[in-house]
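Q: Here you go, coords-v3.txt (compact mmCIF, C-alpha atoms):
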```
# COMPACT_ATOMS: atom_id res chain seq x y z
CA MET L 1 -4.43 -117.56 -210.71
CA PRO L 2 -2.15 -115.45 -208.57
CA GLY L 3 -2.61 -114.63 -204.95
CA GLY L 4 -2.89 -110.97 -204.01
CA ARG L 5 0.20 -109.07 -203.00
CA GLY L 6 -1.36 -108.49 -199.60
CA THR L 7 -2.55 -111.16 -197.27
CA LEU L 8 -5.53 -112.15 -199.39
CA SER L 9 -5.44 -115.43 -201.27
CA ARG L 10 -7.58 -114.36 -204.22
CA PRO L 11 -6.33 -111.99 -206.94
CA VAL L 12 -6.78 -108.43 -205.78
CA VAL L 13 -8.24 -105.89 -208.20
CA LEU L 14 -8.46 -102.20 -207.33
CA VAL L 15 -11.18 -100.35 -209.24
CA VAL L 16 -10.88 -96.56 -209.39
CA ASP L 17 -13.84 -94.55 -210.66
CA ASP L 18 -15.64 -91.44 -209.43
CA GLU L 19 -19.06 -92.86 -210.34
CA LEU L 20 -20.54 -94.91 -207.52
CA ARG L 21 -22.75 -96.90 -209.89
CA VAL L 22 -19.73 -97.97 -211.92
CA LEU L 23 -17.87 -99.05 -208.77
CA GLU L 24 -20.85 -101.11 -207.65
CA LEU L 25 -21.16 -102.76 -211.04
CA PHE L 26 -17.46 -103.64 -211.13
CA GLN L 27 -17.61 -104.92 -207.58
CA LYS L 28 -20.52 -107.23 -208.33
CA VAL L 29 -19.14 -108.58 -211.60
CA LEU L 30 -15.56 -109.04 -210.44
CA ARG L 31 -16.53 -110.69 -207.14
CA GLU L 32 -18.61 -113.18 -209.11
CA GLU L 33 -15.44 -113.87 -211.10
CA GLY L 34 -13.61 -114.72 -207.89
CA TYR L 35 -11.55 -111.59 -207.38
CA GLU L 36 -11.08 -109.64 -204.19
CA VAL L 37 -12.26 -106.16 -205.13
CA LEU L 38 -11.07 -102.92 -203.58
CA THR L 39 -12.47 -99.59 -204.66
CA ALA L 40 -11.44 -95.95 -204.64
CA GLU L 41 -13.44 -92.94 -205.77
CA ASP L 42 -10.50 -90.78 -206.78
CA GLY L 43 -6.84 -90.87 -207.65
CA LEU L 44 -5.50 -89.86 -204.24
CA ARG L 45 -7.43 -92.59 -202.45
CA ALA L 46 -6.30 -95.03 -205.12
CA LEU L 47 -2.65 -94.24 -204.45
CA ALA L 48 -3.12 -94.80 -200.73
CA VAL L 49 -4.97 -98.10 -201.23
CA ALA L 50 -2.47 -99.30 -203.84
CA ALA L 51 0.50 -98.55 -201.57
CA GLU L 52 -1.14 -100.41 -198.70
CA ALA L 53 -2.79 -103.38 -200.43
CA ARG L 54 -0.47 -103.87 -203.45
CA PRO L 55 -3.23 -105.05 -205.78
CA ASP L 56 -2.46 -107.41 -208.64
CA LEU L 57 -4.27 -105.17 -211.07
CA ILE L 58 -5.77 -101.69 -211.15
CA VAL L 59 -8.74 -100.74 -213.32
CA LEU L 60 -8.37 -96.99 -213.65
CA ASP L 61 -10.89 -94.51 -215.04
CA VAL L 62 -9.22 -91.82 -217.14
CA VAL L 63 -11.62 -88.95 -216.44
CA MET L 64 -11.98 -88.15 -212.74
CA PRO L 65 -12.11 -84.89 -210.80
CA GLY L 66 -8.94 -83.98 -208.92
CA LEU L 67 -6.15 -86.42 -209.66
CA ASP L 68 -7.30 -87.93 -212.96
CA GLY L 69 -6.43 -91.37 -214.32
CA MET L 70 -3.32 -90.31 -216.22
CA ALA L 71 -1.91 -88.40 -213.23
CA THR L 72 -2.68 -91.37 -210.99
CA LEU L 73 -0.93 -93.74 -213.40
CA ARG L 74 2.11 -91.47 -213.46
CA ALA L 75 2.17 -91.29 -209.66
CA LEU L 76 1.90 -95.08 -209.39
CA ARG L 77 4.94 -95.48 -211.63
CA GLU L 78 6.91 -92.75 -209.87
CA ARG L 79 6.28 -94.43 -206.53
CA GLY L 80 7.37 -97.77 -207.96
CA ILE L 81 4.12 -99.55 -207.14
CA PRO L 82 4.31 -102.66 -209.31
CA CYS L 83 0.97 -103.67 -210.81
CA ASP L 84 -0.75 -104.08 -214.13
CA VAL L 85 -3.03 -101.20 -215.07
CA VAL L 86 -6.04 -101.25 -217.39
CA MET L 87 -7.31 -97.79 -218.34
CA VAL L 88 -11.05 -97.28 -218.86
CA THR L 89 -12.52 -94.26 -220.57
CA ALA L 90 -15.81 -93.02 -221.97
CA GLN L 91 -14.03 -90.81 -224.48
CA GLY L 92 -11.64 -92.97 -226.48
CA SER L 93 -8.81 -90.66 -227.38
CA LEU L 94 -5.74 -91.68 -229.30
CA LYS L 95 -3.65 -89.04 -227.54
CA THR L 96 -4.65 -90.42 -224.14
CA ALA L 97 -4.05 -93.99 -225.29
CA ARG L 98 -0.53 -93.07 -226.43
CA GLN L 99 0.18 -91.30 -223.12
CA ALA L 100 -1.11 -94.31 -221.20
CA MET L 101 1.14 -96.60 -223.23
CA VAL L 102 4.21 -94.44 -222.52
CA LEU L 103 3.35 -94.50 -218.81
CA GLY L 104 3.17 -98.29 -218.86
CA ALA L 105 -0.55 -99.08 -218.92
CA HIS L 106 -1.28 -102.54 -220.25
CA ASP L 107 -4.67 -102.09 -221.87
CA TYR L 108 -7.05 -99.31 -222.79
CA ILE L 109 -10.78 -99.99 -222.94
CA THR L 110 -13.51 -97.61 -224.01
CA LYS L 111 -17.03 -97.40 -222.58
CA PRO L 112 -19.54 -98.68 -223.25
CA PHE L 113 -17.64 -101.96 -222.97
CA ASP L 114 -19.25 -105.33 -222.85
CA LEU L 115 -18.65 -107.14 -219.62
CA GLU L 116 -17.29 -110.20 -221.38
CA LEU L 117 -14.48 -108.09 -222.83
CA LEU L 118 -13.71 -106.66 -219.41
CA LYS L 119 -13.64 -110.09 -217.77
CA TRP L 120 -11.44 -111.46 -220.54
CA VAL L 121 -8.96 -108.60 -220.28
CA LEU L 122 -8.70 -108.95 -216.49
CA ARG L 123 -8.40 -112.74 -216.64
CA SER L 124 -5.77 -112.49 -219.32
CA ARG L 125 -3.76 -109.88 -217.42
CA LEU L 126 -3.93 -111.78 -214.15
CA GLU L 127 -2.82 -114.98 -215.83
CA GLY L 128 0.17 -113.03 -217.15
CA VAL L 129 0.95 -111.91 -213.61
CA ALA L 130 0.71 -115.52 -212.42
CA SER L 131 3.16 -116.71 -215.11
CA GLU L 132 5.66 -113.99 -214.24
CA ARG L 133 5.48 -114.93 -210.56
CA SER L 134 5.91 -118.63 -211.29
CA ALA L 135 8.95 -117.83 -213.40
CA ALA L 136 10.36 -115.60 -210.66
CA CYS L 137 9.81 -118.34 -208.05
CA ALA L 138 11.57 -120.90 -210.25
CA ILE L 139 14.77 -118.80 -210.45
CA MET I 1 -17.76 -81.62 -245.20
CA ARG I 2 -15.32 -84.52 -245.15
CA HIS I 3 -15.46 -87.00 -242.30
CA LEU I 4 -12.52 -89.15 -241.26
CA ILE I 5 -12.94 -92.04 -238.83
CA TYR I 6 -9.55 -92.78 -237.35
CA VAL I 7 -9.19 -96.37 -236.15
CA PRO I 8 -5.98 -96.92 -234.18
CA ILE I 9 -4.96 -100.56 -234.37
CA VAL I 10 -2.42 -103.06 -233.14
CA HIS I 11 -1.21 -105.40 -235.87
CA SER I 12 -1.66 -109.13 -235.66
CA ASP I 13 1.18 -111.36 -236.87
CA VAL I 14 -0.64 -112.18 -240.13
CA ASP I 15 -0.95 -108.46 -240.94
CA LEU I 16 2.83 -108.24 -241.06
CA GLY I 17 2.98 -110.42 -244.18
CA SER I 18 6.37 -111.85 -245.08
CA VAL I 19 8.06 -110.74 -241.84
CA ALA I 20 5.38 -112.28 -239.60
CA GLY I 21 7.40 -115.38 -238.71
CA ASP I 22 10.50 -113.39 -237.79
CA ALA I 23 8.44 -110.91 -235.78
CA ARG I 24 6.88 -113.74 -233.80
CA ARG I 25 10.25 -115.38 -233.13
CA LEU I 26 11.72 -112.03 -232.03
CA PHE I 27 8.83 -111.40 -229.67
CA GLU I 28 8.86 -114.94 -228.24
CA ARG I 29 12.59 -114.77 -227.70
CA ALA I 30 12.26 -111.55 -225.72
CA PHE I 31 9.07 -112.25 -223.78
CA GLY I 32 8.20 -115.93 -224.09
CA ARG I 33 5.62 -118.01 -225.90
CA THR I 34 2.85 -117.45 -223.33
CA GLU I 35 3.14 -113.70 -223.75
CA TRP I 36 2.94 -114.08 -227.51
CA SER I 37 -0.24 -116.16 -227.25
CA ARG I 38 -1.76 -113.61 -224.89
CA ARG I 39 -0.85 -110.76 -227.21
CA ARG I 40 -2.33 -112.60 -230.16
CA ALA I 41 -5.61 -113.24 -228.31
CA SER I 42 -5.80 -109.57 -227.23
CA VAL I 43 -5.36 -108.39 -230.79
CA GLU I 44 -8.03 -110.77 -232.06
CA LEU I 45 -10.44 -109.51 -229.43
CA MET I 46 -9.68 -105.94 -230.43
CA TRP I 47 -10.60 -106.74 -234.05
CA GLN I 48 -13.87 -108.42 -233.06
CA GLY I 49 -14.84 -105.30 -231.10
CA LEU I 50 -13.78 -102.91 -233.86
CA ARG I 51 -15.80 -104.85 -236.42
CA ALA I 52 -18.93 -104.70 -234.25
CA ARG I 53 -18.53 -100.98 -233.68
CA LEU I 54 -17.79 -100.18 -237.31
CA LEU I 55 -20.74 -102.15 -238.65
CA ALA I 56 -22.98 -100.25 -236.23
CA GLN I 57 -21.91 -96.89 -237.74
CA PRO I 58 -24.67 -95.14 -239.70
CA LEU I 59 -22.62 -94.89 -242.89
CA CYS I 60 -23.44 -95.01 -246.57
CA TRP I 61 -20.76 -97.46 -247.65
CA HIS I 62 -20.91 -96.29 -251.28
CA HIS I 63 -19.66 -92.90 -250.09
CA THR I 64 -16.98 -94.38 -247.86
CA ARG I 65 -13.28 -94.84 -248.65
CA LEU I 66 -11.05 -97.27 -246.78
CA TYR I 67 -7.44 -96.30 -246.06
CA GLN I 68 -5.16 -98.97 -244.68
CA ASP I 69 -1.82 -98.99 -242.89
CA GLY I 70 0.78 -100.69 -245.09
CA LEU I 71 -1.34 -100.80 -248.23
CA PRO I 72 0.70 -99.21 -251.05
CA VAL I 73 -0.72 -97.17 -253.92
CA CYS I 74 0.09 -99.74 -256.59
CA GLY I 75 -2.99 -100.81 -258.56
CA ARG I 76 -2.97 -104.20 -256.82
CA GLU I 77 -4.64 -103.03 -253.61
CA GLU I 78 -7.61 -105.40 -253.78
CA GLU I 79 -5.41 -108.39 -254.60
CA ILE I 80 -3.08 -107.66 -251.65
CA VAL I 81 -5.99 -107.25 -249.24
CA ARG I 82 -7.65 -110.47 -250.43
CA GLU I 83 -4.37 -112.40 -250.04
CA LEU I 84 -3.90 -111.24 -246.46
CA ALA I 85 -7.58 -111.85 -245.67
CA ALA I 86 -7.20 -115.40 -246.98
CA GLU I 87 -4.18 -115.88 -244.71
CA GLY I 88 -6.39 -115.03 -241.73
CA SER I 89 -5.84 -111.32 -241.08
CA HIS I 90 -8.83 -109.92 -239.15
CA ASN I 91 -7.91 -106.44 -240.36
CA HIS I 92 -7.98 -107.42 -244.04
CA ARG I 93 -11.06 -109.62 -243.67
CA LEU I 94 -12.87 -106.58 -242.36
CA LEU I 95 -11.67 -104.54 -245.34
CA VAL I 96 -13.00 -107.21 -247.71
CA GLU I 97 -16.33 -107.19 -245.87
CA LEU I 98 -16.65 -103.39 -245.98
CA ALA I 99 -15.60 -103.29 -249.64
CA ALA I 100 -18.28 -105.89 -250.42
CA SER I 101 -20.81 -103.51 -248.84
CA GLY I 102 -19.76 -100.81 -251.29
CA ALA I 103 -16.83 -99.01 -249.62
CA LYS I 104 -13.88 -98.16 -251.87
CA LEU I 105 -10.50 -99.61 -251.02
CA MET I 106 -7.73 -97.03 -251.37
CA GLY I 107 -4.01 -97.46 -251.81
CA THR I 108 -2.73 -95.49 -248.85
CA GLU I 109 1.05 -95.64 -248.57
CA ASP I 110 4.04 -94.68 -250.69
CA PRO I 111 5.47 -97.92 -252.21
CA GLU I 112 9.04 -96.61 -251.88
CA LEU I 113 8.54 -95.94 -248.18
CA MET I 114 7.02 -99.41 -247.77
CA LEU I 115 10.18 -100.85 -249.22
CA ALA I 116 12.27 -98.72 -246.85
CA GLU I 117 10.07 -99.96 -243.99
CA TYR I 118 10.70 -103.58 -245.01
CA ARG I 119 14.46 -102.97 -245.02
CA TRP I 120 14.20 -101.27 -241.64
CA ILE I 121 12.34 -104.25 -240.13
CA GLN I 122 15.09 -106.51 -241.43
CA LYS I 123 17.62 -104.26 -239.71
CA VAL I 124 15.62 -104.49 -236.47
CA GLN I 125 15.64 -108.28 -236.70
CA GLU I 126 19.38 -108.37 -237.36
CA ALA I 127 20.02 -106.06 -234.41
CA ALA I 128 17.88 -108.25 -232.16
CA GLN I 129 19.63 -111.43 -233.28
CA ALA I 130 23.04 -109.82 -232.74
CA ASP I 131 21.95 -108.77 -229.22
CA ALA I 132 22.60 -105.14 -230.06
CA GLY I 133 23.76 -102.60 -227.50
CA GLU I 134 21.80 -99.64 -226.18
CA ARG I 135 23.32 -97.20 -228.68
CA GLU I 136 22.52 -99.39 -231.66
CA ILE I 137 18.95 -99.92 -230.47
CA GLU I 138 18.55 -96.16 -230.08
CA GLU I 139 19.88 -95.56 -233.59
CA VAL I 140 17.54 -98.13 -235.12
CA SER I 141 14.65 -96.65 -233.12
CA ARG I 142 15.48 -93.14 -234.35
CA GLU I 143 15.60 -94.35 -237.94
CA GLY I 144 12.21 -96.01 -237.42
CA ARG I 145 10.67 -92.82 -236.04
CA ALA I 146 11.95 -90.78 -239.00
CA LEU I 147 10.54 -93.29 -241.45
CA LEU I 148 7.22 -93.30 -239.63
CA GLY I 149 7.08 -89.50 -239.93
CA LYS I 150 7.61 -89.65 -243.70
CA ARG I 151 4.95 -92.33 -244.07
CA ASP I 152 2.51 -90.27 -242.01
CA ASP I 153 3.08 -87.21 -244.20
CA PHE I 154 2.33 -89.27 -247.29
CA VAL I 155 -0.81 -90.88 -245.80
CA ALA I 156 -2.17 -87.48 -244.72
CA ARG I 157 -1.54 -86.04 -248.18
CA ARG I 158 -3.09 -89.09 -249.86
CA ILE I 159 -6.32 -88.80 -247.87
CA ASP I 160 -6.46 -85.06 -248.41
CA GLU I 161 -6.13 -85.53 -252.17
CA THR I 162 -8.63 -88.37 -252.58
CA LEU I 163 -11.42 -87.89 -250.02
CA ALA I 164 -14.15 -85.76 -251.58
CA ASP I 165 -16.64 -83.46 -249.93
CA GLY I 166 -19.59 -85.45 -248.52
CA GLU I 167 -17.53 -88.64 -248.23
CA THR I 168 -16.33 -90.54 -245.18
CA GLY I 169 -12.87 -92.04 -244.92
CA ILE I 170 -12.01 -94.85 -242.52
CA LEU I 171 -8.32 -94.99 -241.70
CA PHE I 172 -6.91 -98.14 -240.08
CA LEU I 173 -3.54 -97.15 -238.74
CA GLY I 174 -1.08 -98.45 -236.15
CA LEU I 175 -1.19 -96.90 -232.71
CA LEU I 176 2.21 -95.24 -233.04
CA HIS I 177 1.39 -93.25 -236.20
CA ARG I 178 0.63 -89.52 -235.88
CA VAL I 179 -1.57 -88.86 -238.91
CA ASP I 180 -4.34 -87.62 -236.58
CA GLU I 181 -2.11 -84.72 -235.56
CA ILE I 182 -1.21 -83.86 -239.16
CA VAL I 183 -4.78 -83.84 -240.50
CA GLU I 184 -6.37 -82.06 -237.54
CA GLY I 185 -8.65 -79.32 -238.87
CA ARG I 186 -8.80 -80.68 -242.43
CA PHE I 187 -11.60 -83.17 -241.71
CA ALA I 188 -14.34 -83.77 -239.17
CA LEU I 189 -12.26 -86.29 -237.24
CA THR I 190 -13.62 -89.00 -234.94
CA GLN I 191 -11.69 -91.80 -233.31
CA LEU I 192 -13.03 -95.29 -233.02
CA ILE I 193 -11.41 -97.27 -230.24
CA HIS I 194 -12.69 -100.49 -228.70
CA SER I 195 -9.75 -101.73 -226.73
CA LEU I 196 -6.05 -101.31 -227.31
CA PRO I 197 -3.57 -103.81 -225.92
CA LEU I 198 -0.88 -101.26 -225.14
CA ASP I 199 2.10 -103.32 -224.03
CA THR I 200 2.77 -104.71 -227.47
CA ASP I 201 5.84 -102.87 -228.67
CA PRO I 202 8.73 -105.32 -228.21
CA TRP I 203 11.36 -102.59 -228.59
CA GLN I 204 9.91 -100.42 -225.85
CA ARG I 205 9.66 -103.42 -223.57
CA LEU I 206 13.10 -104.72 -224.45
CA LYS I 207 14.56 -101.32 -223.52
CA ALA I 208 12.53 -101.23 -220.31
CA THR I 209 13.68 -104.73 -219.37
CA ARG I 210 17.30 -103.75 -219.90
CA ARG I 211 16.87 -100.58 -217.84
CA ASP I 212 15.44 -102.65 -214.99
CA HIS I 213 18.48 -104.90 -214.87
```
What does the file become when written as structure tokens?
A:
Amino acid sequence: MPGGRGTLSRPVVLVVDDELRVLELFQKVLREEGYEVLTAEDGLRALAVAAEARPDLIVLDVVMPGLDGMATLRALRERGIPCDVVMVTAQGSLKTARQAMVLGAHDYITKPFDLELLKWVLRSRLEGVASERSAACAI
Amino acid sequence: MRHLIYVPIVHSDVDLGSVAGDARRLFERAFGRTEWSRRRASVELMWQGLRARLLAQPLCWHHTRLYQDGLPVCGREEEIVRELAAEGSHNHRLLVELAASGAKLMGTEDPELMLAEYRWIQKVQEAAQADAGEREIEEVSREGRALLGKRDDFVARRIDETLADGETGILFLGLLHRVDEIVEGRFALTQLIHSLPLDTDPWQRLKATRRDH
């Protein structure tokens, strides 16, 4: 498993969702999985936290007031913040999925999701990050 | 009223039939074996989720038609689907299962365009092996997009001509197709998405990698 991009030794996951209950659920489940979990309730806060903490992975809700998930994803890419992004949405839309793909999201999950799927996706993504880092270190 | 359930999918290697081996080698060469294994596992998980969600739909299967990406209108539809299911395709196993429940399997694509698609994939493989330049990649990509557009027009027309009032169609179609945009307004359209591993297009990623360097 990779270390976070900040000073933390565990993988760092930033969860962005405007629903407090969802944030709490993610926090509980992901901490049990051994991740360091940061949270943000909207896109603007997410950009600030991501720039500061450089998380390994961002779980990003698509529908949020203000700066929504797609706008946040675009801003992350424009600012060159390097991290894997998993989009989460209650309204699975093909158009949104295609936009997310063009903007460089890595996965797109629809609610209600089962927690096992979520854990698997995060584990799988973070293992990918770890491999890329090992390869980079070997060069 | 006609109801169309649009199921965007990402193909597994088995779904690709005779070009599966080459596609895997091309992907592994560009992104490594670990990435291929991860992609494969993601796609399998997507199919498990789609199956669970589809089987939970309150549908009368005897009034349901199944339309499938890459399945030509040829009179051998069932045989083709059974062959691919036997080879391990989650997509085609699901079709067999739904057909056994009473759904009708429909030839969906123009056989001529399928042949053109096969030739185009060969061209992609040749370009990849020859380490093609940016211009050549762009040309092959453009050709692919044009072909995809023609296939989409045919698929939309095919569903329009065969799905009767009071029936439900389930369309399994790759993420990059645009049939949803063509048929908008003709059917009551719903989209069924479980998860979509998005970073699976080797050409997009190959181009991105080259841009980064």
Q: Taking all atoms listed in the file into account, what are the residues of chain I at most 6 Å from chain L, put as a list of chain:residue names?
A: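 Putting it all together, I get I:Ile193, I:His194, I:Ser195, I:Leu196, I:Pro197, I:Leu198, I:Asp199.
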Q: Residues within 10 Å of range 95-100 of chain I, please, as a VMD selection string. Count all atoms listed in the file; anything in the same chain fewer than 3 positions from it doesn't count.
A: chain I and resid 51 54 to 55 61 to 62 64 to 68 78 81 to 82 85 89 to 92 103 to 105 172
Q: What lies within 8 Å of range 127-134 of chain I using only C-alpha atoms, ignoring chain neighbours under 3 positions off, as a ChimeraX atom specification?
A: /I:26,123-124,137-138,207
Q: Just give me the gap between CA of Leu20 in chain L and CA of Leu115 in chain L in Å, one decimal is fine.
A: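 Between CA of Leu20 in chain L and CA of Leu115 in chain L the gap is 17.3 Å.
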Q: Which value, in Å to one decimal, gives the distance between CA of Asp61 in chain L and CA of Gly43 in chain L?
A: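 Atom-to-atom, CA of Asp61 in chain L to CA of Gly43 in chain L, that is 9.2 Å.
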Q: Taking only C-alpha atoms into account, which of I:Glu181, I:Val140, I:Thr108, I:Gln125 comes nearest Arg158 in chain I?
A: I:Thr108
Q: With N, CA and C atoms as the target, complete range 42-62 of chain L and hand it back as a PDB file, in the coordinates of the input.
A:
```
ATOM      1  N   ASP L  42     -11.347 -91.777-206.102  1.00  0.00           N
ATOM      2  CA  ASP L  42     -10.500 -90.780-206.780  1.00  0.00           C
ATOM      3  C   ASP L  42      -9.043 -91.243-206.758  1.00  0.00           C
ATOM      4  N   GLY L  43      -8.232 -90.487-207.482  1.00  0.00           N
ATOM      5  CA  GLY L  43      -6.840 -90.870-207.650  1.00  0.00           C
ATOM      6  C   GLY L  43      -6.046 -90.901-206.360  1.00  0.00           C
ATOM      7  N   LEU L  44      -6.267 -89.916-205.491  1.00  0.00           N
ATOM      8  CA  LEU L  44      -5.500 -89.860-204.240  1.00  0.00           C
ATOM      9  C   LEU L  44      -5.775 -91.067-203.358  1.00  0.00           C
ATOM     10  N   ARG L  45      -7.080 -91.408-203.249  1.00  0.00           N
ATOM     11  CA  ARG L  45      -7.430 -92.590-202.450  1.00  0.00           C
ATOM     12  C   ARG L  45      -6.825 -93.836-203.089  1.00  0.00           C
ATOM     13  N   ALA L  46      -6.847 -93.867-204.408  1.00  0.00           N
ATOM     14  CA  ALA L  46      -6.300 -95.030-205.120  1.00  0.00           C
ATOM     15  C   ALA L  46      -4.826 -95.229-204.799  1.00  0.00           C
ATOM     16  N   LEU L  47      -4.079 -94.119-204.756  1.00  0.00           N
ATOM     17  CA  LEU L  47      -2.650 -94.240-204.450  1.00  0.00           C
ATOM     18  C   LEU L  47      -2.430 -94.792-203.045  1.00  0.00           C
ATOM     19  N   ALA L  48      -3.258 -94.322-202.120  1.00  0.00           N
ATOM     20  CA  ALA L  48      -3.120 -94.800-200.730  1.00  0.00           C
ATOM     21  C   ALA L  48      -3.464 -96.288-200.649  1.00  0.00           C
ATOM     22  N   VAL L  49      -4.555 -96.683-201.279  1.00  0.00           N
ATOM     23  CA  VAL L  49      -4.970 -98.100-201.230  1.00  0.00           C
ATOM     24  C   VAL L  49      -3.935 -98.977-201.927  1.00  0.00           C
ATOM     25  N   ALA L  50      -3.438 -98.498-203.076  1.00  0.00           N
ATOM     26  CA  ALA L  50      -2.470 -99.300-203.840  1.00  0.00           C
ATOM     27  C   ALA L  50      -1.183 -99.495-203.041  1.00  0.00           C
ATOM     28  N   ALA L  51      -0.733 -98.445-202.357  1.00  0.00           N
ATOM     29  CA  ALA L  51       0.500 -98.550-201.570  1.00  0.00           C
ATOM     30  C   ALA L  51       0.323 -99.533-200.421  1.00  0.00           C
ATOM     31  N   GLU L  52      -0.868 -99.548-199.861  1.00  0.00           N
ATOM     32  CA  GLU L  52      -1.140-100.410-198.700  1.00  0.00           C
ATOM     33  C   GLU L  52      -1.404-101.867-199.126  1.00  0.00           C
ATOM     34  N   ALA L  53      -2.293-102.030-200.101  1.00  0.00           N
ATOM     35  CA  ALA L  53      -2.790-103.380-200.430  1.00  0.00           C
ATOM     36  C   ALA L  53      -2.025-104.063-201.557  1.00  0.00           C
ATOM     37  N   ARG L  54      -1.222-103.305-202.321  1.00  0.00           N
ATOM     38  CA  ARG L  54      -0.470-103.870-203.450  1.00  0.00           C
ATOM     39  C   ARG L  54      -1.336-104.777-204.319  1.00  0.00           C
ATOM     40  N   PRO L  55      -2.337-104.212-204.964  1.00  0.00           N
ATOM     41  CA  PRO L  55      -3.230-105.050-205.780  1.00  0.00           C
ATOM     42  C   PRO L  55      -2.489-105.681-206.959  1.00  0.00           C
ATOM     43  N   ASP L  56      -3.050-106.770-207.465  1.00  0.00           N
ATOM     44  CA  ASP L  56      -2.460-107.410-208.640  1.00  0.00           C
ATOM     45  C   ASP L  56      -2.729-106.588-209.895  1.00  0.00           C
ATOM     46  N   LEU L  57      -3.874-105.912-209.877  1.00  0.00           N
ATOM     47  CA  LEU L  57      -4.270-105.170-211.070  1.00  0.00           C
ATOM     48  C   LEU L  57      -5.117-103.960-210.684  1.00  0.00           C
ATOM     49  N   ILE L  58      -4.945-102.869-211.403  1.00  0.00           N
ATOM     50  CA  ILE L  58      -5.770-101.690-211.150  1.00  0.00           C
ATOM     51  C   ILE L  58      -6.567-101.357-212.406  1.00  0.00           C
ATOM     52  N   VAL L  59      -7.871-101.199-212.231  1.00  0.00           N
ATOM     53  CA  VAL L  59      -8.740-100.740-213.320  1.00  0.00           C
ATOM     54  C   VAL L  59      -8.974 -99.255-213.052  1.00  0.00           C
ATOM     55  N   LEU L  60      -8.473 -98.412-213.947  1.00  0.00           N
ATOM     56  CA  LEU L  60      -8.370 -96.990-213.650  1.00  0.00           C
ATOM     57  C   LEU L  60      -9.140 -96.141-214.661  1.00  0.00           C
ATOM     58  N   ASP L  61     -10.120 -95.404-214.168  1.00  0.00           N
ATOM     59  CA  ASP L  61     -10.890 -94.510-215.040  1.00  0.00           C
ATOM     60  C   ASP L  61     -10.001 -93.322-215.428  1.00  0.00           C
ATOM     61  N   VAL L  62     -10.077 -92.917-216.679  1.00  0.00           N
ATOM     62  CA  VAL L  62      -9.220 -91.820-217.140  1.00  0.00           C
ATOM     63  C   VAL L  62      -9.747 -90.474-216.634  1.00  0.00           C
TER      64      VAL L  62
END
```
